[in-house]
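To keep things clear, I will list the structure first and then write my remarks on it.
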Amino acid sequence: MPDDQALHDEVVALTRDLIRLDTTNLPGNETVAAEHLKDYLEGAGVECALVARDPGRANLVARLPGGDGPSVAFVGHTDVVPADVRDWTHPPFEAVVDDAGWLYGRGAVDMKNEVAARAVAMATLAREGFRGSGDLWLLAVADEEDGTADVGMRWLLEARPDIRPDLSVNEGGGERLELADGRSMVTVAVGEKGTLPVQVTAVGEAGHGSMPTVGQNAVPLLGELLRRIGTGLPRPRRDPVVEATLTALVGDVSDLDEAVAKAAHLHPALEHLLPAVVGTTMAPTMLDASRKRNVMPARASVQLDCRILPGTSQADVEQEVRARLGDGVAYELSWPERLVPGSASPAEGVLMDAVTAFLRAEGDDAAVLPVLCTGFTDSVYLRAAAGTLAYGFSPFLSTPADVLESGFHNADERVHVDDLLLATRFHADLARRLLGAD
């Protein structure tokens, strides 16, 4: 194992290299990042391949072969969301490290930091000649942030049926929460909500904009429907993962509303997470109405970004949306995209034990907190294709939870460089604990 300073320099350099490669989705252009990772890992003796449905949007598949035991995959995506340079302290694709050790850039949190840490951990193991009891994979995939091109994880697992890891670690956890009652907890994402966008179209009658009472302008009708939707927070319903989270936080969950309210006051990050994770959210995000200013439209619509608990069906979502919209305003529902189901893995087992063991070895007595991600990750596809026990975790000790949360898809996304070293050490340790040695 190299000394910590050498490892620190290596992972910081690779993270900065990846951030400087603009892989904004759309269009993606993830091949440049996949090629960079391939060159880096092959230099350490790792077997690599680029697997692409679209030549410009390749996925990296890297493997350290092992024995016939259970296999482990390090997972990440190389695409990032758009960034408006006008909103940033430092240009989003320059990967500036300031005097306090903060690395700024699009992808610093979501998630070129974790991709780099996992790659450096794999390279370190390869240089040591590590051979595990099972295969160790690194899957750095395209198109996670959008998915509509279908060139990323879902397609990759279809194209490569040999990639069926038993265990995996992806994005979604690792935040350290110092609770108001004095306890310390570290989140481990054991599952993700799914998605099913819904388009709500208010139906009226067209008319000339100069005579507002002629016809029935659908825009005010849509306004009334939007009032009923509000912010789109769900009505709480029971879910095993959510109940496990709440039980760890407050104990008694017999009154779900009361448990959510009580737990949400324990940490600012929980104020937004918990009310959103307990049911179907339906945030209004996209509006459409008249194409001309002087035409009152017969139809005006809003798209709802619905995030759904594992096991939720389209019929369930329709029932909840209709219950929220109520009666008295004519509307139509349509479905812009197919349902992508959420899923979860058991919160107990060798992977959770390995996370806990690493924390204890670091002298960290924080309790692990299993959580359900409100957003989507590619772990959903791994569970569906392979029954993978898939978690989201990378440890953050020097980057506070509020900085992490504000960094996702926002300006001034940043991570402290000390957490890049910590993550690299964690992933190397995880491989050793889970795969042992032949």
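Residue numbering restarts at 1 in every chain; chains get A, B, ... in the order shown in the structure tokens, and ligands count up from 1 in that same order.
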
Can you list every residue of stretch 88-129 of chain A that has an atom at most 8 Å from stretch 13-28 of chain A, with its nearest atom pair and the distance in Å to one decimal, using only C-alpha atoms, ordered by chain then number, as CSV?
```
residue,atom,partner,partner_atom,distance
A:Phe93,CA,A:Arg20,CA,4.8
A:Glu94,CA,A:Arg20,CA,5.6
A:Ala95,CA,A:Arg16,CA,5.2
A:Gly105,CA,A:Ile19,CA,6.3
A:Arg106,CA,A:Ile19,CA,6.4
A:Gly107,CA,A:Ile19,CA,6.1
A:Ala108,CA,A:Ile19,CA,7.0
A:Lys112,CA,A:Thr15,CA,6.2
A:Asn113,CA,A:Thr15,CA,5.6
A:Val115,CA,A:Thr15,CA,8.0
A:Ala116,CA,A:Thr15,CA,5.3
A:Ala117,CA,A:Thr15,CA,7.9
```

To test your reading of the structure, identify every residue in stretch 231-400 of chain A that backbone DSSP assigns to strand (DSSP E), and report it as a PyMOL selection string. chain A and resi 281-288+295-296+299-308+331-334+343-344+367-373+389-392

Considering only C-alpha atoms, return as a PyMOL selection string whatever protein or nucleic-acid residues lie within 8 Å of stretch 138-152 of chain A, sequence-local ones (same chain, fewer than 6 positions apart) excluded. chain A and resi 25-26+28+30+34+52-54+57-63+73-81+115+118-119+122+377-378

Mind writing the picked residues with N, CA, C and O atoms as a short mmCIF file (atom, residue, chain, number, x, y, z; two decimals), in the first residue's frame?
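Once everything was written out, this is again06.cif:
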```
data_model
loop_
_atom_site.label_atom_id
_atom_site.label_comp_id
_atom_site.auth_asym_id
_atom_site.auth_seq_id
_atom_site.Cartn_x
_atom_site.Cartn_y
_atom_site.Cartn_z
N ASN A 25 -24.21 16.02 -19.76
CA ASN A 25 -25.28 15.24 -20.37
C ASN A 25 -26.55 16.08 -20.40
O ASN A 25 -27.08 16.43 -19.34
N LEU A 26 -27.06 16.41 -21.54
CA LEU A 26 -26.64 16.05 -22.88
C LEU A 26 -25.53 17.01 -23.38
O LEU A 26 -25.46 18.13 -22.91
N GLY A 28 -23.23 14.41 -23.41
CA GLY A 28 -22.55 13.33 -22.71
C GLY A 28 -21.09 13.27 -23.04
O GLY A 28 -20.25 13.69 -22.26
N GLU A 30 -19.11 10.87 -22.93
CA GLU A 30 -18.44 10.18 -21.83
C GLU A 30 -17.23 9.36 -22.26
O GLU A 30 -16.42 8.95 -21.41
N ALA A 34 -14.05 7.69 -20.15
CA ALA A 34 -13.82 6.25 -20.13
C ALA A 34 -12.42 5.92 -20.65
O ALA A 34 -11.72 5.06 -20.09
N ALA A 52 -19.62 0.16 -25.83
CA ALA A 52 -20.39 1.32 -26.26
C ALA A 52 -21.49 0.93 -27.23
O ALA A 52 -21.27 0.16 -28.17
N ARG A 53 -22.65 1.48 -27.01
CA ARG A 53 -23.74 1.44 -27.99
C ARG A 53 -23.60 2.62 -28.95
O ARG A 53 -23.95 2.54 -30.12
N ASP A 54 -23.09 3.74 -28.42
CA ASP A 54 -22.81 4.96 -29.16
C ASP A 54 -21.32 5.23 -28.98
O ASP A 54 -20.84 5.34 -27.85
N ARG A 57 -20.19 7.60 -26.39
CA ARG A 57 -20.74 7.48 -25.04
C ARG A 57 -20.40 6.11 -24.46
O ARG A 57 -21.28 5.33 -24.06
N ALA A 58 -19.12 5.84 -24.36
CA ALA A 58 -18.66 4.52 -23.94
C ALA A 58 -18.75 4.34 -22.43
O ALA A 58 -18.63 5.28 -21.65
N ASN A 59 -18.93 3.08 -22.04
CA ASN A 59 -18.84 2.65 -20.65
C ASN A 59 -17.50 1.96 -20.43
O ASN A 59 -17.03 1.21 -21.31
N LEU A 60 -16.88 2.22 -19.29
CA LEU A 60 -15.66 1.51 -18.94
C LEU A 60 -16.00 0.29 -18.10
O LEU A 60 -16.72 0.40 -17.11
N VAL A 61 -15.47 -0.86 -18.50
CA VAL A 61 -15.57 -2.09 -17.71
C VAL A 61 -14.16 -2.53 -17.38
O VAL A 61 -13.37 -2.85 -18.27
N ALA A 62 -13.82 -2.51 -16.09
CA ALA A 62 -12.50 -2.93 -15.63
C ALA A 62 -12.66 -4.10 -14.66
O ALA A 62 -13.66 -4.16 -13.93
N ARG A 63 -11.68 -5.00 -14.66
CA ARG A 63 -11.83 -6.22 -13.85
C ARG A 63 -10.48 -6.69 -13.34
O ARG A 63 -9.50 -6.77 -14.09
N ALA A 73 -18.50 -5.21 -7.25
CA ALA A 73 -18.37 -4.16 -8.26
C ALA A 73 -18.32 -2.79 -7.60
O ALA A 73 -19.17 -2.46 -6.76
N PHE A 74 -17.30 -2.01 -7.97
CA PHE A 74 -17.29 -0.58 -7.70
C PHE A 74 -18.04 0.07 -8.87
O PHE A 74 -17.72 -0.20 -10.03
N VAL A 75 -18.98 0.94 -8.58
CA VAL A 75 -19.88 1.47 -9.61
C VAL A 75 -19.85 3.00 -9.58
O VAL A 75 -19.77 3.61 -8.50
N GLY A 76 -19.95 3.61 -10.76
CA GLY A 76 -20.07 5.07 -10.83
C GLY A 76 -20.45 5.49 -12.23
O GLY A 76 -20.44 4.68 -13.17
N HIS A 77 -20.80 6.76 -12.38
CA HIS A 77 -21.10 7.28 -13.71
C HIS A 77 -20.17 8.44 -14.03
O HIS A 77 -19.71 9.17 -13.14
N THR A 78 -19.91 8.61 -15.32
CA THR A 78 -18.95 9.61 -15.76
C THR A 78 -19.61 10.86 -16.35
O THR A 78 -18.90 11.83 -16.65
N ASP A 79 -20.92 10.85 -16.54
CA ASP A 79 -21.60 12.05 -17.04
C ASP A 79 -21.94 12.98 -15.89
O ASP A 79 -22.00 12.57 -14.72
N VAL A 80 -22.16 14.25 -16.22
CA VAL A 80 -22.53 15.26 -15.23
C VAL A 80 -23.67 16.10 -15.79
O VAL A 80 -23.93 16.11 -17.00
N VAL A 81 -24.35 16.82 -14.90
CA VAL A 81 -25.41 17.72 -15.33
C VAL A 81 -24.82 19.05 -15.80
O VAL A 81 -23.66 19.36 -15.49
N VAL A 115 -15.81 8.02 -8.53
CA VAL A 115 -15.24 7.25 -9.64
C VAL A 115 -13.72 7.21 -9.52
O VAL A 115 -13.09 6.15 -9.65
N ARG A 118 -12.54 5.05 -6.52
CA ARG A 118 -12.69 3.62 -6.79
C ARG A 118 -11.64 3.14 -7.79
O ARG A 118 -11.11 2.04 -7.67
N ALA A 119 -11.33 3.99 -8.78
CA ALA A 119 -10.30 3.62 -9.75
C ALA A 119 -8.92 3.54 -9.09
O ALA A 119 -8.15 2.61 -9.36
N MET A 122 -8.66 0.42 -7.01
CA MET A 122 -8.45 -0.76 -7.85
C MET A 122 -7.01 -0.80 -8.37
O MET A 122 -6.37 -1.86 -8.38
N THR A 377 -30.47 5.92 -8.87
CA THR A 377 -29.11 5.54 -9.20
C THR A 377 -29.14 4.24 -10.02
O THR A 377 -30.14 3.52 -10.06
N ASP A 378 -28.02 3.92 -10.63
CA ASP A 378 -27.92 2.72 -11.45
C ASP A 378 -27.95 1.43 -10.63
O ASP A 378 -28.01 0.34 -11.20
#
```

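For A:Met352, the list of residues within 9 Å, based on only C-alpha atoms and with local chain neighbours fewer than 4 positions off taken out, reads Val188, Ala347, Glu348, Thr356, Ala357, Val368 and Tyr391 of chain A.
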
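Atom pair atom CA of A:Pro212 / atom CA of A:Thr285 has a distance of 26.3 Å (rounded to one decimal).
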
Fewer than 4 positions away in the same chain doesn't count, so skip those; otherwise give me all residues within 8 Å of stretch 195-205 of chain A, counting only C-alpha atoms, as a short mmCIF file (atom, residue, chain, number, x, y, z; two decimals) with C-alpha atoms, in the first residue's frame.
```cif
data_model
loop_
_atom_site.label_atom_id
_atom_site.label_comp_id
_atom_site.auth_asym_id
_atom_site.auth_seq_id
_atom_site.Cartn_x
_atom_site.Cartn_y
_atom_site.Cartn_z
CA GLY A 215 -64.07 30.48 -23.95
CA GLN A 216 -62.40 29.02 -20.87
CA ASN A 217 -58.70 29.73 -20.61
CA ALA A 218 -56.95 26.54 -19.50
CA VAL A 219 -54.11 28.44 -17.80
CA LEU A 221 -57.58 26.04 -14.59
CA LEU A 222 -54.06 24.66 -14.48
CA LEU A 225 -54.63 22.27 -10.16
CA PRO A 297 -55.30 27.87 -24.86
CA ALA A 298 -57.83 25.09 -24.60
CA ARG A 299 -55.16 22.99 -22.90
CA ALA A 300 -52.38 23.80 -20.46
CA SER A 301 -50.19 21.17 -18.85
CA VAL A 302 -47.65 20.52 -16.15
CA GLN A 303 -45.29 17.60 -15.81
CA LEU A 304 -44.92 16.13 -12.34
CA ASP A 305 -41.60 14.59 -11.40
CA CYS A 306 -43.02 11.68 -9.42
CA ARG A 307 -40.57 9.65 -7.33
CA ILE A 308 -42.03 6.41 -6.07
CA GLN A 314 -48.64 3.02 -12.23
CA VAL A 317 -49.45 6.71 -8.80
CA VAL A 329 -61.62 21.03 -12.83
CA ALA A 330 -61.49 19.04 -16.07
CA TYR A 331 -58.11 17.47 -16.72
CA GLU A 332 -56.38 14.59 -18.51
CA LEU A 333 -53.46 12.45 -17.37
CA SER A 334 -50.74 11.04 -19.61
CA TRP A 335 -47.42 9.29 -19.05
CA PRO A 336 -44.39 10.89 -20.78
CA GLU A 337 -42.03 8.05 -19.83
CA ARG A 338 -42.23 4.47 -18.65
CA LEU A 339 -42.13 3.54 -14.98
CA VAL A 340 -38.66 2.83 -13.62
CA PRO A 341 -39.22 0.88 -10.40
CA GLY A 342 -37.38 1.58 -7.19
CA PHE A 376 -32.39 7.42 -8.89
#
```

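Shortest atom-to-atom contact with A:Ala411 among A:Ala261, A:Val46, A:Ala189, A:Val85: A:Val85, counting only C-alpha atoms.
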
Extract the full set of helix (DSSP H, G or I) residues from stretch 254-426 of chain A according to DSSP on the backbone, and format it as a compact mmCIF listing (two decimals) with C-alpha atoms, in the first residue's frame.
```txt
# COMPACT_ATOMS: atom_id res chain seq x y z
CA LEU A 256 -45.82 7.66 11.02
CA ASP A 257 -46.50 11.41 10.72
CA GLU A 258 -45.27 12.03 14.24
CA ALA A 259 -42.14 9.91 13.70
CA VAL A 260 -41.26 11.79 10.50
CA ALA A 261 -41.72 15.16 12.17
CA LYS A 262 -39.67 14.16 15.21
CA ALA A 263 -36.84 12.63 13.17
CA ALA A 264 -36.70 15.57 10.76
CA PRO A 268 -31.06 19.88 8.80
CA ALA A 269 -30.37 17.25 6.11
CA LEU A 270 -33.24 15.14 7.45
CA GLU A 271 -35.70 18.05 7.21
CA HIS A 272 -35.78 17.61 3.43
CA LEU A 273 -34.96 13.91 3.09
CA LEU A 274 -37.55 12.34 5.37
CA PRO A 275 -40.73 14.16 4.24
CA ALA A 276 -39.77 13.38 0.63
CA VAL A 277 -38.92 9.71 1.11
CA GLN A 314 -48.64 3.02 -12.23
CA ALA A 315 -52.15 2.46 -10.88
CA ASP A 316 -50.94 3.50 -7.41
CA VAL A 317 -49.45 6.71 -8.80
CA GLU A 318 -52.58 7.52 -10.79
CA GLN A 319 -54.73 7.03 -7.71
CA GLU A 320 -52.53 9.34 -5.63
CA VAL A 321 -52.36 12.05 -8.31
CA ARG A 322 -56.12 11.99 -8.85
CA ALA A 323 -56.72 12.16 -5.10
CA ARG A 324 -54.52 15.26 -4.93
CA LEU A 325 -56.18 16.95 -7.93
CA VAL A 350 -21.47 -8.72 4.78
CA LEU A 351 -21.50 -5.38 2.97
CA MET A 352 -22.98 -3.47 5.89
CA ASP A 353 -20.61 -5.30 8.24
CA ALA A 354 -17.65 -4.23 6.10
CA VAL A 355 -18.74 -0.57 6.15
CA THR A 356 -19.10 -0.68 9.93
CA ALA A 357 -15.76 -2.44 10.35
CA PHE A 358 -13.98 0.26 8.35
CA LEU A 359 -15.50 3.01 10.47
CA ARG A 360 -14.45 1.23 13.67
CA ALA A 361 -10.91 0.70 12.33
CA SER A 379 -28.05 0.33 -8.48
CA VAL A 380 -31.67 -0.24 -9.52
CA TYR A 381 -30.50 -1.90 -12.74
CA LEU A 382 -27.93 -4.06 -10.93
CA ARG A 383 -30.55 -5.41 -8.55
CA ALA A 384 -32.95 -6.09 -11.42
CA ALA A 385 -30.40 -7.86 -13.64
CA ALA A 386 -28.34 -9.75 -11.12
CA ALA A 401 -23.57 17.15 4.92
CA ASP A 402 -24.91 20.59 4.00
CA VAL A 403 -22.05 21.15 1.53
CA LEU A 404 -22.68 17.74 -0.03
CA GLU A 405 -26.42 18.31 -0.32
CA SER A 406 -26.03 21.78 -1.80
CA GLY A 407 -23.48 20.51 -4.29
CA VAL A 417 -9.61 16.72 -0.91
CA ASP A 418 -9.08 14.82 2.37
CA ASP A 419 -12.27 12.90 1.63
CA LEU A 420 -10.82 11.71 -1.67
CA LEU A 421 -8.04 9.98 0.25
CA LEU A 422 -10.50 8.61 2.81
CA ALA A 423 -12.70 7.19 0.05
CA THR A 424 -9.74 5.57 -1.69
CA ARG A 425 -8.64 3.89 1.52
CA PHE A 426 -12.20 2.75 2.20
```

Point-to-point distance from atom CA of A:Val278 to atom CA of A:Gly328, Å rounded to tenths: 28.4 Å

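Closest to A:Ile163 among A:Pro284, A:Thr245, A:Val51, A:Val11 is A:Val51, based on only C-alpha atoms.
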
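With only C-alpha atoms as the basis for measurement, A:Gly173 is the residue among A:Met286, A:Gly173, A:Leu125, A:Gly232 that approaches A:Asp110 most closely.
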
Considering only C-alpha atoms, return as a ChimeraX atom specification whatever protein or nucleic-acid residues lie within 12 Å of A:Asp98, sequence-local ones (same chain, fewer than 5 positions apart) excluded. /A:89-90,103-105,414-417

Go ahead and write the selection's residues with all heavy atoms as an mmCIF file, in the first residue's frame.
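The result, written out as part_7.cif:
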```
data_model
loop_
_atom_site.group_PDB
_atom_site.id
_atom_site.type_symbol
_atom_site.label_atom_id
_atom_site.label_comp_id
_atom_site.auth_asym_id
_atom_site.auth_seq_id
_atom_site.Cartn_x
_atom_site.Cartn_y
_atom_site.Cartn_z
ATOM 1 N N THR A 89 -18.085 30.294 -8.319
ATOM 2 C CA THR A 89 -16.921 31.032 -7.815
ATOM 3 C C THR A 89 -15.694 30.733 -8.663
ATOM 4 O O THR A 89 -14.894 31.620 -8.964
ATOM 5 C CB THR A 89 -16.647 30.640 -6.352
ATOM 6 O OG1 THR A 89 -17.807 30.929 -5.564
ATOM 7 C CG2 THR A 89 -15.447 31.401 -5.802
ATOM 8 N N HIS A 90 -15.521 29.467 -9.022
ATOM 9 C CA HIS A 90 -14.448 29.031 -9.902
ATOM 10 C C HIS A 90 -15.073 28.323 -11.103
ATOM 11 O O HIS A 90 -16.098 27.654 -10.959
ATOM 12 C CB HIS A 90 -13.499 28.069 -9.180
ATOM 13 C CG HIS A 90 -12.893 28.626 -7.938
ATOM 14 N ND1 HIS A 90 -11.898 29.574 -7.957
ATOM 15 C CD2 HIS A 90 -13.147 28.372 -6.619
ATOM 16 C CE1 HIS A 90 -11.551 29.878 -6.722
ATOM 17 N NE2 HIS A 90 -12.301 29.168 -5.889
ATOM 18 N N LEU A 103 -11.947 21.219 -3.485
ATOM 19 C CA LEU A 103 -11.889 20.986 -4.921
ATOM 20 C C LEU A 103 -13.233 21.340 -5.527
ATOM 21 O O LEU A 103 -14.242 20.701 -5.224
ATOM 22 C CB LEU A 103 -11.537 19.529 -5.216
ATOM 23 C CG LEU A 103 -11.681 19.047 -6.667
ATOM 24 C CD1 LEU A 103 -10.853 19.891 -7.620
ATOM 25 C CD2 LEU A 103 -11.300 17.576 -6.775
ATOM 26 N N TYR A 104 -13.236 22.382 -6.381
ATOM 27 C CA TYR A 104 -14.457 22.858 -7.030
ATOM 28 C C TYR A 104 -14.576 22.263 -8.428
ATOM 29 O O TYR A 104 -13.574 22.177 -9.148
ATOM 30 C CB TYR A 104 -14.432 24.382 -7.160
ATOM 31 C CG TYR A 104 -14.685 25.149 -5.883
ATOM 32 C CD1 TYR A 104 -13.684 25.269 -4.922
ATOM 33 C CD2 TYR A 104 -15.904 25.768 -5.643
ATOM 34 C CE1 TYR A 104 -13.901 25.986 -3.757
ATOM 35 C CE2 TYR A 104 -16.130 26.496 -4.479
ATOM 36 C CZ TYR A 104 -15.127 26.593 -3.539
ATOM 37 O OH TYR A 104 -15.348 27.299 -2.396
ATOM 38 N N GLY A 105 -15.794 21.931 -8.812
ATOM 39 C CA GLY A 105 -15.995 21.514 -10.187
ATOM 40 C C GLY A 105 -17.258 20.695 -10.362
ATOM 41 O O GLY A 105 -17.740 20.061 -9.416
ATOM 42 N N ARG A 414 -18.507 21.118 -4.641
ATOM 43 C CA ARG A 414 -17.140 20.975 -4.158
ATOM 44 C C ARG A 414 -17.049 19.850 -3.128
ATOM 45 O O ARG A 414 -18.029 19.499 -2.470
ATOM 46 C CB ARG A 414 -16.643 22.279 -3.537
ATOM 47 C CG ARG A 414 -17.406 22.749 -2.311
ATOM 48 C CD ARG A 414 -17.059 24.197 -2.010
ATOM 49 N NE ARG A 414 -17.699 24.693 -0.789
ATOM 50 C CZ ARG A 414 -18.943 25.178 -0.741
ATOM 51 N NH1 ARG A 414 -19.686 25.205 -1.839
ATOM 52 N NH2 ARG A 414 -19.446 25.629 0.386
ATOM 53 N N VAL A 415 -15.850 19.319 -3.000
ATOM 54 C CA VAL A 415 -15.544 18.285 -2.022
ATOM 55 C C VAL A 415 -14.185 18.598 -1.423
ATOM 56 O O VAL A 415 -13.321 19.185 -2.094
ATOM 57 C CB VAL A 415 -15.549 16.890 -2.694
ATOM 58 C CG1 VAL A 415 -14.387 16.752 -3.683
ATOM 59 C CG2 VAL A 415 -15.503 15.770 -1.669
ATOM 60 N N HIS A 416 -13.993 18.239 -0.153
ATOM 61 C CA HIS A 416 -12.684 18.456 0.448
ATOM 62 C C HIS A 416 -11.755 17.340 0.019
ATOM 63 O O HIS A 416 -12.124 16.162 0.015
ATOM 64 C CB HIS A 416 -12.774 18.512 1.975
ATOM 65 C CG HIS A 416 -11.574 19.156 2.593
ATOM 66 N ND1 HIS A 416 -10.384 18.493 2.782
ATOM 67 C CD2 HIS A 416 -11.354 20.435 3.008
ATOM 68 C CE1 HIS A 416 -9.494 19.308 3.310
ATOM 69 N NE2 HIS A 416 -10.055 20.492 3.456
ATOM 70 N N VAL A 417 -10.528 17.705 -0.352
ATOM 71 C CA VAL A 417 -9.611 16.719 -0.907
ATOM 72 C C VAL A 417 -9.278 15.604 0.083
ATOM 73 O O VAL A 417 -8.955 14.481 -0.324
ATOM 74 C CB VAL A 417 -8.316 17.382 -1.415
ATOM 75 C CG1 VAL A 417 -8.611 18.265 -2.631
ATOM 76 C CG2 VAL A 417 -7.633 18.183 -0.307
#
```

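Considering only C-alpha atoms, the residue among A:Asp252, A:Gly436, A:Leu246, A:Gly223 positioned nearest to A:Asp288 is A:Gly223.
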
If we count only C-alpha atoms and set the cut-off at 6 Å, which residues sit around A:Pro234, ignoring sequence neighbours fewer than 4 positions away in its own chain? Please answer as an MDAnalysis selection string. chainID A and resid 279:281

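Using only C-alpha atoms, the shortest contact distance between A:Leu41 and any of A:Ala6, A:Val109, A:Gly311, A:Val120 is found at A:Val120.
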